[in-house]
Amino acid sequence: MTSLPDLWGTGSARMRRLSPSARLACGTLVFATCLVAPIPSLPGICIGSGAAIGWVALCGLPGKRLLAMFIYSIALFLPLFLLTPWLEAAGPICGNPWLDAAQIPLAMSLRGTCCVFVCAATMAVLDLADFGAALGPLPIPHIIKNLLMQIAHQTAMLANESQRISVAVRIRGLPSGFTPKLRFLPAVPTIWLLRIMNRADRIAAAMDLRGFESFTRSSPASISLMDGFAVTTALLALGAGISIRWLPV
């Protein structure tokens, strides 16, 4: 299974022609389009799924990672269908009560899957350095930018630390049976927290030694014609989703 932090920077190189801010803005707008598009209707499905598929295709996620994200989406949203016997549709759609109720988890699963793929594709055309540069020109408070950057950085670091713990435990001869692994599981949080605390102490000491005081503020980047075209296209897709949702078609 592919870890989400492993997706950073694995996408297509052609999207690197756009500035980091444009890439992040386009991904955010496509994500919003998937949220607002009325999935139960055919035009909404076309707008939401089309925007997600187009963005994923442009970002160029590798085939193995696409398959891993598809399996992840199935594992995440398939349990929703277990609630179908207790759901009631707002109105008759197919004439069959069970099929009408199944429209609810189906819409939630389709919308959620589109959002998962859009997030993965956006991460694939950015790395952590690009993400920090993308947050700089955006009109959001500086403390929010620092918070988002720290969340992205710490998530990647914690995922890598978990992988290193797994490798270290296997090298030290953890039995391969299910029961020994289950007994070892309660000790994992303690080991994980100790390693993270020691690493944080070393990073803090290194930052003090180098005279680190605050985050550097990036200068506003110029917007190219290609950036404007990409963001405008994403805005049009979002506008189409909003129009289909709230205006009579």
# chains A, B, ... in the order shown; residues from 1 in each chain; ligands from 1
>>> residues_around(residues="segment 30-37 of chain A", least_positions_apart="3", cutoff="6 Å", atoms="only C-alpha atoms", output="MDAnalysis selection string")
chainID A and resid 27 44 48 115 238 241
>>> residues_around(residues="Thr233 of chain A", least_positions_apart="6", cutoff="10 Å", atoms="only C-alpha atoms", output="list of chain:residue names")
A:Cys26, A:Leu29, A:Val30, A:Asp227, A:Gly239
>>> write_last_selection(atoms="N, CA, C and O atoms", output="compact mmCIF listing (two decimals), in the first residue's frame")
# COMPACT_ATOMS: atom_id res chain seq x y z
N CYS A 26 -4.86 25.27 -8.39
CA CYS A 26 -5.64 24.40 -9.29
C CYS A 26 -6.13 23.16 -8.55
O CYS A 26 -7.29 22.76 -8.69
N LEU A 29 -9.00 24.17 -6.29
CA LEU A 29 -10.23 24.45 -7.02
C LEU A 29 -10.89 23.17 -7.55
O LEU A 29 -12.12 23.04 -7.54
N VAL A 30 -10.09 22.23 -8.04
CA VAL A 30 -10.64 20.95 -8.50
C VAL A 30 -11.25 20.19 -7.33
O VAL A 30 -12.32 19.57 -7.45
N ASP A 227 0.10 30.02 -15.99
CA ASP A 227 -0.51 29.93 -14.65
C ASP A 227 -1.92 30.50 -14.66
O ASP A 227 -2.85 29.90 -14.10
N GLY A 239 -17.10 26.94 -11.25
CA GLY A 239 -18.32 27.68 -11.56
C GLY A 239 -19.38 26.79 -12.19
O GLY A 239 -20.58 26.95 -11.90
>>> select_by_dssp(residues="segment 12-229 of chain A", states="alpha helix (DSSP H)", output="PyMOL selection string")
chain A and resi 20-36+42-59+63-77+97-124+128-135+142-171+178-184+188-209+225-229
>>> closest_residue(among="A:Leu225, A:Leu66, A:Ala57, A:Ile196", to="Ala159 of chain A", atoms="only C-alpha atoms")
A:Ile196
>>> atom_distance(atom1="atom CA of Arg16 of chain A", atom2="atom CA of Phe70 of chain A")
24.9 Å
>>> residues_around(residues="segment 118-132 of chain A", least_positions_apart="6", cutoff="6 Å", atoms="only C-alpha atoms", output="list in words")
Leu7, Trp8, Gly9, Thr10, Gly11, Pro20, Gly27, Ala52, Val56 and Cys59 of chain A
>>> closest_residue(among="A:Arg199, A:Cys114, A:Gly136, A:Gln163", to="Ala22 of chain A", atoms="only C-alpha atoms")
A:Gly136
>>> closest_residue(among="A:Met69, A:Val231, A:Met226, A:Ala75", to="Phe117 of chain A", atoms="only C-alpha atoms")
A:Met69
>>> atom_distance(atom1="atom CA of Ser109 of chain A", atom2="atom CA of Pro62 of chain A")
22.6 Å
